[in-house]
$ cat structure03.cif   # mmCIF, N, CA and C atoms and all ligand atoms
data_start
#
loop_
_atom_site.group_PDB
_atom_site.id
_atom_site.type_symbol
_atom_site.label_atom_id
_atom_site.label_comp_id
_atom_site.auth_asym_id
_atom_site.auth_seq_id
_atom_site.Cartn_x
_atom_site.Cartn_y
_atom_site.Cartn_z
ATOM 1 N N MET A 1 -28.928 -1.292 -6.206
ATOM 2 C CA MET A 1 -28.977 -0.103 -7.061
ATOM 3 C C MET A 1 -27.735 0.773 -6.834
ATOM 4 N N THR A 2 -26.943 0.940 -7.879
ATOM 5 C CA THR A 2 -25.735 1.730 -7.726
ATOM 6 C C THR A 2 -26.060 3.211 -7.528
ATOM 7 N N GLU A 3 -27.237 3.642 -7.992
ATOM 8 C CA GLU A 3 -27.604 5.053 -7.851
ATOM 9 C C GLU A 3 -27.715 5.462 -6.387
ATOM 10 N N ALA A 4 -27.962 4.470 -5.558
ATOM 11 C CA ALA A 4 -28.126 4.763 -4.137
ATOM 12 C C ALA A 4 -26.799 5.130 -3.480
ATOM 13 N N VAL A 5 -25.703 4.787 -4.168
ATOM 14 C CA VAL A 5 -24.388 5.076 -3.591
ATOM 15 C C VAL A 5 -23.922 6.456 -4.032
ATOM 16 N N ARG A 6 -23.739 7.318 -3.063
ATOM 17 C CA ARG A 6 -23.261 8.652 -3.384
ATOM 18 C C ARG A 6 -21.764 8.604 -3.692
ATOM 19 N N LEU A 7 -21.287 9.630 -4.388
ATOM 20 C CA LEU A 7 -19.893 9.656 -4.818
ATOM 21 C C LEU A 7 -18.932 9.618 -3.631
ATOM 22 N N ASP A 8 -19.280 10.346 -2.581
ATOM 23 C CA ASP A 8 -18.372 10.367 -1.432
ATOM 24 C C ASP A 8 -18.305 9.012 -0.740
ATOM 25 N N ASP A 9 -19.310 8.175 -0.983
ATOM 26 C CA ASP A 9 -19.253 6.821 -0.446
ATOM 27 C C ASP A 9 -18.114 6.045 -1.097
ATOM 28 N N HIS A 10 -17.909 6.294 -2.384
ATOM 29 C CA HIS A 10 -16.805 5.618 -3.073
ATOM 30 C C HIS A 10 -15.473 6.023 -2.451
ATOM 31 N N ASP A 11 -15.342 7.302 -2.147
ATOM 32 C CA ASP A 11 -14.125 7.763 -1.473
ATOM 33 C C ASP A 11 -13.911 6.998 -0.182
ATOM 34 N N ARG A 12 -15.004 6.790 0.516
ATOM 35 C CA ARG A 12 -14.931 6.070 1.788
ATOM 36 C C ARG A 12 -14.458 4.637 1.560
ATOM 37 N N PHE A 13 -14.923 4.024 0.456
ATOM 38 C CA PHE A 13 -14.518 2.648 0.184
ATOM 39 C C PHE A 13 -13.075 2.569 -0.295
ATOM 40 N N HIS A 14 -12.622 3.632 -0.951
ATOM 41 C CA HIS A 14 -11.199 3.678 -1.312
ATOM 42 C C HIS A 14 -10.357 3.679 -0.040
ATOM 43 N N GLU A 15 -10.838 4.445 0.921
ATOM 44 C CA GLU A 15 -10.143 4.532 2.206
ATOM 45 C C GLU A 15 -10.161 3.171 2.907
ATOM 46 N N LEU A 16 -11.321 2.536 2.884
ATOM 47 C CA LEU A 16 -11.447 1.221 3.507
ATOM 48 C C LEU A 16 -10.526 0.215 2.828
ATOM 49 N N SER A 17 -10.380 0.329 1.508
ATOM 50 C CA SER A 17 -9.495 -0.568 0.773
ATOM 51 C C SER A 17 -8.065 -0.416 1.256
ATOM 52 N N ALA A 18 -7.649 0.820 1.425
ATOM 53 C CA ALA A 18 -6.293 1.088 1.908
ATOM 54 C C ALA A 18 -6.109 0.505 3.305
ATOM 55 N N LEU A 19 -7.108 0.717 4.139
ATOM 56 C CA LEU A 19 -7.035 0.214 5.516
ATOM 57 C C LEU A 19 -7.046 -1.304 5.532
ATOM 58 N N ALA A 20 -7.884 -1.890 4.675
ATOM 59 C CA ALA A 20 -7.976 -3.346 4.621
ATOM 60 C C ALA A 20 -6.628 -3.955 4.281
ATOM 61 N N ASN A 21 -5.950 -3.351 3.327
ATOM 62 C CA ASN A 21 -4.668 -3.895 2.890
ATOM 63 C C ASN A 21 -3.548 -3.583 3.866
ATOM 64 N N ALA A 22 -3.771 -2.627 4.720
ATOM 65 C CA ALA A 22 -2.803 -2.364 5.784
ATOM 66 C C ALA A 22 -3.109 -3.265 6.976
ATOM 67 N N GLY A 23 -4.216 -4.007 6.879
ATOM 68 C CA GLY A 23 -4.561 -4.988 7.916
ATOM 69 C C GLY A 23 -5.170 -4.374 9.167
ATOM 70 N N VAL A 24 -5.814 -3.232 9.027
ATOM 71 C CA VAL A 24 -6.344 -2.568 10.218
ATOM 72 C C VAL A 24 -7.857 -2.319 10.121
ATOM 73 N N LEU A 25 -8.537 -3.211 9.389
ATOM 74 C CA LEU A 25 -9.967 -3.029 9.203
ATOM 75 C C LEU A 25 -10.746 -3.937 10.155
ATOM 76 N N SER A 26 -11.812 -3.414 10.717
ATOM 77 C CA SER A 26 -12.661 -4.242 11.573
ATOM 78 C C SER A 26 -13.484 -5.179 10.685
ATOM 79 N N SER A 27 -13.997 -6.254 11.269
ATOM 80 C CA SER A 27 -14.729 -7.233 10.457
ATOM 81 C C SER A 27 -16.010 -6.630 9.888
ATOM 82 N N ALA A 28 -16.611 -5.693 10.615
ATOM 83 C CA ALA A 28 -17.818 -5.033 10.118
ATOM 84 C C ALA A 28 -17.494 -4.188 8.893
ATOM 85 N N GLU A 29 -16.355 -3.485 8.947
ATOM 86 C CA GLU A 29 -15.943 -2.652 7.819
ATOM 87 C C GLU A 29 -15.571 -3.525 6.627
ATOM 88 N N TRP A 30 -14.928 -4.649 6.908
ATOM 89 C CA TRP A 30 -14.570 -5.613 5.866
ATOM 90 C C TRP A 30 -15.816 -6.062 5.126
ATOM 91 N N ALA A 31 -16.850 -6.425 5.889
ATOM 92 C CA ALA A 31 -18.105 -6.911 5.303
ATOM 93 C C ALA A 31 -18.730 -5.835 4.421
ATOM 94 N N GLU A 32 -18.680 -4.612 4.917
ATOM 95 C CA GLU A 32 -19.236 -3.483 4.179
ATOM 96 C C GLU A 32 -18.475 -3.281 2.872
ATOM 97 N N LEU A 33 -17.156 -3.325 2.966
ATOM 98 C CA LEU A 33 -16.296 -3.135 1.798
ATOM 99 C C LEU A 33 -16.528 -4.242 0.771
ATOM 100 N N LYS A 34 -16.545 -5.476 1.247
ATOM 101 C CA LYS A 34 -16.717 -6.600 0.322
ATOM 102 C C LYS A 34 -18.056 -6.523 -0.398
ATOM 103 N N GLY A 35 -19.082 -6.118 0.345
ATOM 104 C CA GLY A 35 -20.406 -5.964 -0.254
ATOM 105 C C GLY A 35 -20.394 -4.935 -1.371
ATOM 106 N N HIS A 36 -19.670 -3.847 -1.135
ATOM 107 C CA HIS A 36 -19.601 -2.780 -2.126
ATOM 108 C C HIS A 36 -18.798 -3.213 -3.350
ATOM 109 N N LEU A 37 -17.689 -3.909 -3.108
ATOM 110 C CA LEU A 37 -16.809 -4.321 -4.209
ATOM 111 C C LEU A 37 -17.506 -5.291 -5.156
ATOM 112 N N GLN A 38 -18.505 -5.987 -4.634
ATOM 113 C CA GLN A 38 -19.206 -6.962 -5.469
ATOM 114 C C GLN A 38 -19.895 -6.319 -6.657
ATOM 115 N N PHE A 39 -20.373 -5.088 -6.465
ATOM 116 C CA PHE A 39 -21.071 -4.466 -7.598
ATOM 117 C C PHE A 39 -20.369 -3.221 -8.128
ATOM 118 N N CYS A 40 -19.308 -2.778 -7.471
ATOM 119 C CA CYS A 40 -18.654 -1.545 -7.899
ATOM 120 C C CYS A 40 -17.294 -1.826 -8.519
ATOM 121 N N GLU A 41 -17.256 -1.803 -9.847
ATOM 122 C CA GLU A 41 -16.028 -2.080 -10.596
ATOM 123 C C GLU A 41 -14.901 -1.087 -10.291
ATOM 124 N N PRO A 42 -15.161 0.222 -10.343
ATOM 125 C CA PRO A 42 -14.065 1.178 -10.074
ATOM 126 C C PRO A 42 -13.421 0.958 -8.706
ATOM 127 N N CYS A 43 -14.236 0.695 -7.702
ATOM 128 C CA CYS A 43 -13.679 0.488 -6.359
ATOM 129 C C CYS A 43 -12.903 -0.816 -6.297
ATOM 130 N N ARG A 44 -13.335 -1.805 -7.085
ATOM 131 C CA ARG A 44 -12.594 -3.068 -7.140
ATOM 132 C C ARG A 44 -11.194 -2.832 -7.674
ATOM 133 N N GLU A 45 -11.112 -1.990 -8.704
ATOM 134 C CA GLU A 45 -9.801 -1.684 -9.292
ATOM 135 C C GLU A 45 -8.902 -0.980 -8.288
ATOM 136 N N VAL A 46 -9.482 -0.029 -7.582
ATOM 137 C CA VAL A 46 -8.712 0.698 -6.559
ATOM 138 C C VAL A 46 -8.247 -0.286 -5.492
ATOM 139 N N HIS A 47 -9.140 -1.167 -5.113
ATOM 140 C CA HIS A 47 -8.817 -2.163 -4.094
ATOM 141 C C HIS A 47 -7.648 -3.037 -4.543
ATOM 142 N N GLU A 48 -7.690 -3.425 -5.803
ATOM 143 C CA GLU A 48 -6.633 -4.266 -6.372
ATOM 144 C C GLU A 48 -5.294 -3.522 -6.374
ATOM 145 N N GLN A 49 -5.353 -2.237 -6.678
ATOM 146 C CA GLN A 49 -4.128 -1.437 -6.678
ATOM 147 C C GLN A 49 -3.537 -1.343 -5.280
ATOM 148 N N TYR A 50 -4.397 -1.166 -4.310
ATOM 149 C CA TYR A 50 -3.929 -1.107 -2.921
ATOM 150 C C TYR A 50 -3.323 -2.434 -2.516
ATOM 151 N N ARG A 51 -3.909 -3.509 -3.046
ATOM 152 C CA ARG A 51 -3.425 -4.838 -2.709
ATOM 153 C C ARG A 51 -1.995 -5.037 -3.228
ATOM 154 N N LEU A 52 -1.781 -4.600 -4.476
ATOM 155 C CA LEU A 52 -0.447 -4.694 -5.066
ATOM 156 C C LEU A 52 0.539 -3.823 -4.306
ATOM 157 N N LEU A 53 0.079 -2.641 -3.972
ATOM 158 C CA LEU A 53 0.906 -1.703 -3.234
ATOM 159 C C LEU A 53 1.275 -2.288 -1.875
ATOM 160 N N ALA A 54 0.305 -2.931 -1.264
ATOM 161 C CA ALA A 54 0.533 -3.511 0.064
ATOM 162 C C ALA A 54 1.597 -4.590 -0.014
ATOM 163 N N ARG A 55 1.567 -5.355 -1.104
ATOM 164 C CA ARG A 55 2.509 -6.446 -1.236
ATOM 165 C C ARG A 55 3.925 -5.921 -1.470
ATOM 166 N N GLU A 56 4.006 -4.801 -2.207
ATOM 167 C CA GLU A 56 5.330 -4.320 -2.590
ATOM 168 C C GLU A 56 5.845 -3.161 -1.748
ATOM 169 N N GLY A 57 4.929 -2.331 -1.321
ATOM 170 C CA GLY A 57 5.441 -1.121 -0.677
ATOM 171 C C GLY A 57 4.782 -0.677 0.606
ATOM 172 N N ILE A 58 4.146 -1.584 1.325
ATOM 173 C CA ILE A 58 3.464 -1.129 2.536
ATOM 174 C C ILE A 58 4.401 -0.648 3.640
ATOM 175 N N PRO A 59 5.617 -1.166 3.760
ATOM 176 C CA PRO A 59 6.468 -0.624 4.825
ATOM 177 C C PRO A 59 6.694 0.876 4.644
ATOM 178 N N GLY A 60 6.939 1.280 3.403
ATOM 179 C CA GLY A 60 7.125 2.696 3.130
ATOM 180 C C GLY A 60 5.857 3.479 3.373
ATOM 181 N N LEU A 61 4.738 2.913 2.948
ATOM 182 C CA LEU A 61 3.443 3.564 3.101
ATOM 183 C C LEU A 61 3.092 3.696 4.576
ATOM 184 N N ALA A 62 3.327 2.629 5.326
ATOM 185 C CA ALA A 62 3.020 2.637 6.754
ATOM 186 C C ALA A 62 3.890 3.649 7.483
ATOM 187 N N ALA A 63 5.151 3.721 7.055
ATOM 188 C CA ALA A 63 6.062 4.673 7.680
ATOM 189 C C ALA A 63 5.592 6.096 7.418
ATOM 190 N N LEU A 64 5.107 6.312 6.198
ATOM 191 C CA LEU A 64 4.609 7.624 5.813
ATOM 192 C C LEU A 64 3.380 7.972 6.647
ATOM 193 N N HIS A 65 2.530 6.976 6.808
ATOM 194 C CA HIS A 65 1.269 7.148 7.523
ATOM 195 C C HIS A 65 1.504 7.485 8.987
ATOM 196 N N ASN A 66 2.495 6.833 9.591
ATOM 197 C CA ASN A 66 2.747 7.019 11.017
ATOM 198 C C ASN A 66 3.966 7.893 11.244
ATOM 199 N N SER A 67 4.290 8.738 10.255
ATOM 200 C CA SER A 67 5.563 9.446 10.296
ATOM 201 C C SER A 67 5.765 10.204 11.608
ATOM 202 N N GLU A 68 4.705 10.751 12.150
ATOM 203 C CA GLU A 68 4.872 11.544 13.362
ATOM 204 C C GLU A 68 5.258 10.687 14.560
ATOM 205 N N GLN A 69 4.586 9.545 14.682
ATOM 206 C CA GLN A 69 4.903 8.671 15.810
ATOM 207 C C GLN A 69 6.214 7.927 15.585
ATOM 208 N N GLU A 70 6.515 7.663 14.305
ATOM 209 C CA GLU A 70 7.671 6.841 13.984
ATOM 210 C C GLU A 70 8.969 7.622 14.008
ATOM 211 N N GLU A 71 8.860 8.916 14.042
ATOM 212 C CA GLU A 71 10.041 9.746 13.891
ATOM 213 C C GLU A 71 11.111 9.412 14.924
ATOM 214 N N ILE A 72 10.684 9.086 16.113
ATOM 215 C CA ILE A 72 11.641 8.762 17.181
ATOM 216 C C ILE A 72 12.452 7.527 16.792
ATOM 217 N N ASN A 73 11.738 6.496 16.316
ATOM 218 C CA ASN A 73 12.427 5.273 15.922
ATOM 219 C C ASN A 73 13.315 5.492 14.704
ATOM 220 N N TRP A 74 12.825 6.334 13.800
ATOM 221 C CA TRP A 74 13.544 6.532 12.547
ATOM 222 C C TRP A 74 14.732 7.458 12.689
ATOM 223 N N ASP A 75 14.879 8.020 13.879
ATOM 224 C CA ASP A 75 16.008 8.905 14.113
ATOM 225 C C ASP A 75 17.288 8.108 14.344
ATOM 226 N N ASP A 76 17.234 6.842 13.960
ATOM 227 C CA ASP A 76 18.367 5.951 14.146
ATOM 228 C C ASP A 76 19.222 5.958 12.880
ATOM 229 N N ALA A 77 20.302 6.686 12.923
ATOM 230 C CA ALA A 77 21.133 6.871 11.733
ATOM 231 C C ALA A 77 21.713 5.549 11.238
ATOM 232 N N ALA A 78 22.073 4.667 12.156
ATOM 233 C CA ALA A 78 22.675 3.391 11.784
ATOM 234 C C ALA A 78 21.691 2.548 10.972
ATOM 235 N N THR A 79 20.448 2.493 11.430
ATOM 236 C CA THR A 79 19.421 1.728 10.729
ATOM 237 C C THR A 79 19.222 2.284 9.326
ATOM 238 N N ARG A 80 19.184 3.602 9.252
ATOM 239 C CA ARG A 80 18.990 4.266 7.976
ATOM 240 C C ARG A 80 20.146 3.948 7.022
ATOM 241 N N GLN A 81 21.359 4.005 7.530
ATOM 242 C CA GLN A 81 22.540 3.711 6.718
ATOM 243 C C GLN A 81 22.501 2.281 6.202
ATOM 244 N N LYS A 82 22.132 1.364 7.089
ATOM 245 C CA LYS A 82 22.065 -0.045 6.712
ATOM 246 C C LYS A 82 21.039 -0.259 5.597
ATOM 247 N N LEU A 83 19.910 0.408 5.763
ATOM 248 C CA LEU A 83 18.831 0.291 4.783
ATOM 249 C C LEU A 83 19.272 0.849 3.437
ATOM 250 N N LEU A 84 19.894 2.007 3.480
ATOM 251 C CA LEU A 84 20.385 2.638 2.247
ATOM 252 C C LEU A 84 21.423 1.773 1.555
ATOM 253 N N ALA A 85 22.331 1.219 2.341
ATOM 254 C CA ALA A 85 23.374 0.359 1.792
ATOM 255 C C ALA A 85 22.747 -0.843 1.101
ATOM 256 N N ARG A 86 21.686 -1.374 1.726
ATOM 257 C CA ARG A 86 21.023 -2.543 1.165
ATOM 258 C C ARG A 86 20.334 -2.201 -0.150
ATOM 259 N N ILE A 87 19.693 -1.044 -0.169
ATOM 260 C CA ILE A 87 18.996 -0.602 -1.384
ATOM 261 C C ILE A 87 20.000 -0.408 -2.510
ATOM 262 N N ARG A 88 21.136 0.229 -2.186
ATOM 263 C CA ARG A 88 22.165 0.467 -3.206
ATOM 264 C C ARG A 88 22.738 -0.836 -3.734
ATOM 265 N N LYS A 89 22.914 -1.791 -2.822
ATOM 266 C CA LYS A 89 23.446 -3.090 -3.215
ATOM 267 C C LYS A 89 22.480 -3.782 -4.177
ATOM 268 N N GLU A 90 21.199 -3.751 -3.816
ATOM 269 C CA GLU A 90 20.171 -4.349 -4.659
ATOM 270 C C GLU A 90 20.165 -3.699 -6.037
ATOM 271 N N ASP A 91 20.302 -2.393 -6.032
ATOM 272 C CA ASP A 91 20.270 -1.614 -7.257
ATOM 273 C C ASP A 91 21.426 -2.003 -8.157
ATOM 274 N N ARG A 92 22.622 -2.105 -7.546
ATOM 275 C CA ARG A 92 23.798 -2.453 -8.306
ATOM 276 C C ARG A 92 23.659 -3.858 -8.885
ATOM 277 N N ARG A 93 23.113 -4.755 -8.061
ATOM 278 C CA ARG A 93 22.955 -6.133 -8.500
ATOM 279 C C ARG A 93 22.032 -6.222 -9.713
ATOM 280 N N SER A 94 20.954 -5.460 -9.685
ATOM 281 C CA SER A 94 20.019 -5.524 -10.813
ATOM 282 C C SER A 94 20.631 -4.898 -12.058
ATOM 283 N N GLN A 95 21.501 -3.920 -11.844
ATOM 284 C CA GLN A 95 22.199 -3.324 -12.996
ATOM 285 C C GLN A 95 23.161 -4.331 -13.614
ATOM 286 N N GLU A 96 23.872 -5.048 -12.736
ATOM 287 C CA GLU A 96 24.815 -6.054 -13.211
ATOM 288 C C GLU A 96 24.068 -7.149 -13.956
ATOM 289 N N LEU A 97 22.945 -7.556 -13.430
ATOM 290 C CA LEU A 97 22.153 -8.597 -14.066
ATOM 291 C C LEU A 97 21.684 -8.160 -15.438
ATOM 292 N N SER A 98 21.274 -6.914 -15.542
ATOM 293 C CA SER A 98 20.719 -6.439 -16.811
ATOM 294 C C SER A 98 21.771 -6.425 -17.906
ATOM 295 N N ARG A 99 23.051 -6.378 -17.519
ATOM 296 C CA ARG A 99 24.128 -6.401 -18.521
ATOM 297 C C ARG A 99 24.179 -7.751 -19.248
ATOM 298 N N PHE A 100 23.775 -8.806 -18.527
ATOM 299 C CA PHE A 100 23.814 -10.131 -19.111
ATOM 300 C C PHE A 100 22.573 -10.459 -19.931
ATOM 301 N N LEU A 101 21.576 -9.599 -19.785
ATOM 302 C CA LEU A 101 20.339 -9.845 -20.505
ATOM 303 C C LEU A 101 20.403 -9.212 -21.897
ATOM 304 N N PRO A 102 19.780 -9.863 -22.863
ATOM 305 C CA PRO A 102 19.752 -9.254 -24.214
ATOM 306 C C PRO A 102 18.983 -7.945 -24.190
ATOM 307 N N ALA A 103 19.480 -6.975 -24.945
ATOM 308 C CA ALA A 103 18.862 -5.645 -24.948
ATOM 309 C C ALA A 103 17.479 -5.673 -25.589
HETATM 310 ZN ZN ZN B 201 -17.507 2.252 -5.361
#
$ encode --input "structure03.cif" --output "structure tokens" --more "lines below"
Ligand SMILES: [Zn+2]
Amino acid sequence: MTEAVRLDDHDRFHELSALANAGVLSSAEWAELKGHLQFCEPCREVHEQYRLLAREGIPGLAALHNSEQEEINWDDAATRQKLLARIRKEDRRSQELSRFLPA
């Protein structure tokens, strides 16, 4: 019965979805989440979004999540420069590629 699930429970499952995709969920929580996703369409969609996000952007998300602890490591200017240079290179490459593609 979906009526038995309170609204704040859905929030909790959204949170569990995020944690699951970050790979930090206990097996008991996993079981609970999977059970809920079986009958809850909205939470399934949220879960799917987190899954896509995890595949494409979890390093950024994880860094954001642990920003306080990570700050010491991230205070490395050289690493930051290298990362930025790589992003810019990728960006330029995709721009160059798009020139060859039909508009
Ligand atoms: Zn739900």
$ atom_distance --input "structure03.cif" --atom1 "atom CA of Gly23 of chain A" --atom2 "atom CA of Ala54 of chain A"
9.5 Å
$ resolve_selection --input "structure03.cif" --expression "the PyMOL selection byres (((not hetatm)) within 7 of (chain B and resi 201))" --output "VMD selection string"
chain A and resid 9 to 11 13 to 14 36 to 37 39 to 44
$ atom_distance --input "structure03.cif" --atom1 "atom N of Gln38 of chain A" --atom2 "atom N of Ala18 of chain A"
14.2 Å
$ atom_distance --input "structure03.cif" --atom1 "atom CA of Lys34 of chain A" --atom2 "atom C of Ala22 of chain A"
15.5 Å
$ residues_around --input "structure03.cif" --residues "Ser17 of chain A" --least-positions-apart "3" --cutoff "7 Å" --atoms "all atoms listed in the file" --output "list in words"
Arg12, Phe13, His14, Ala20, Asn21, Ala22, Leu33, Val46, His47, Tyr50 and Arg51 of chain A
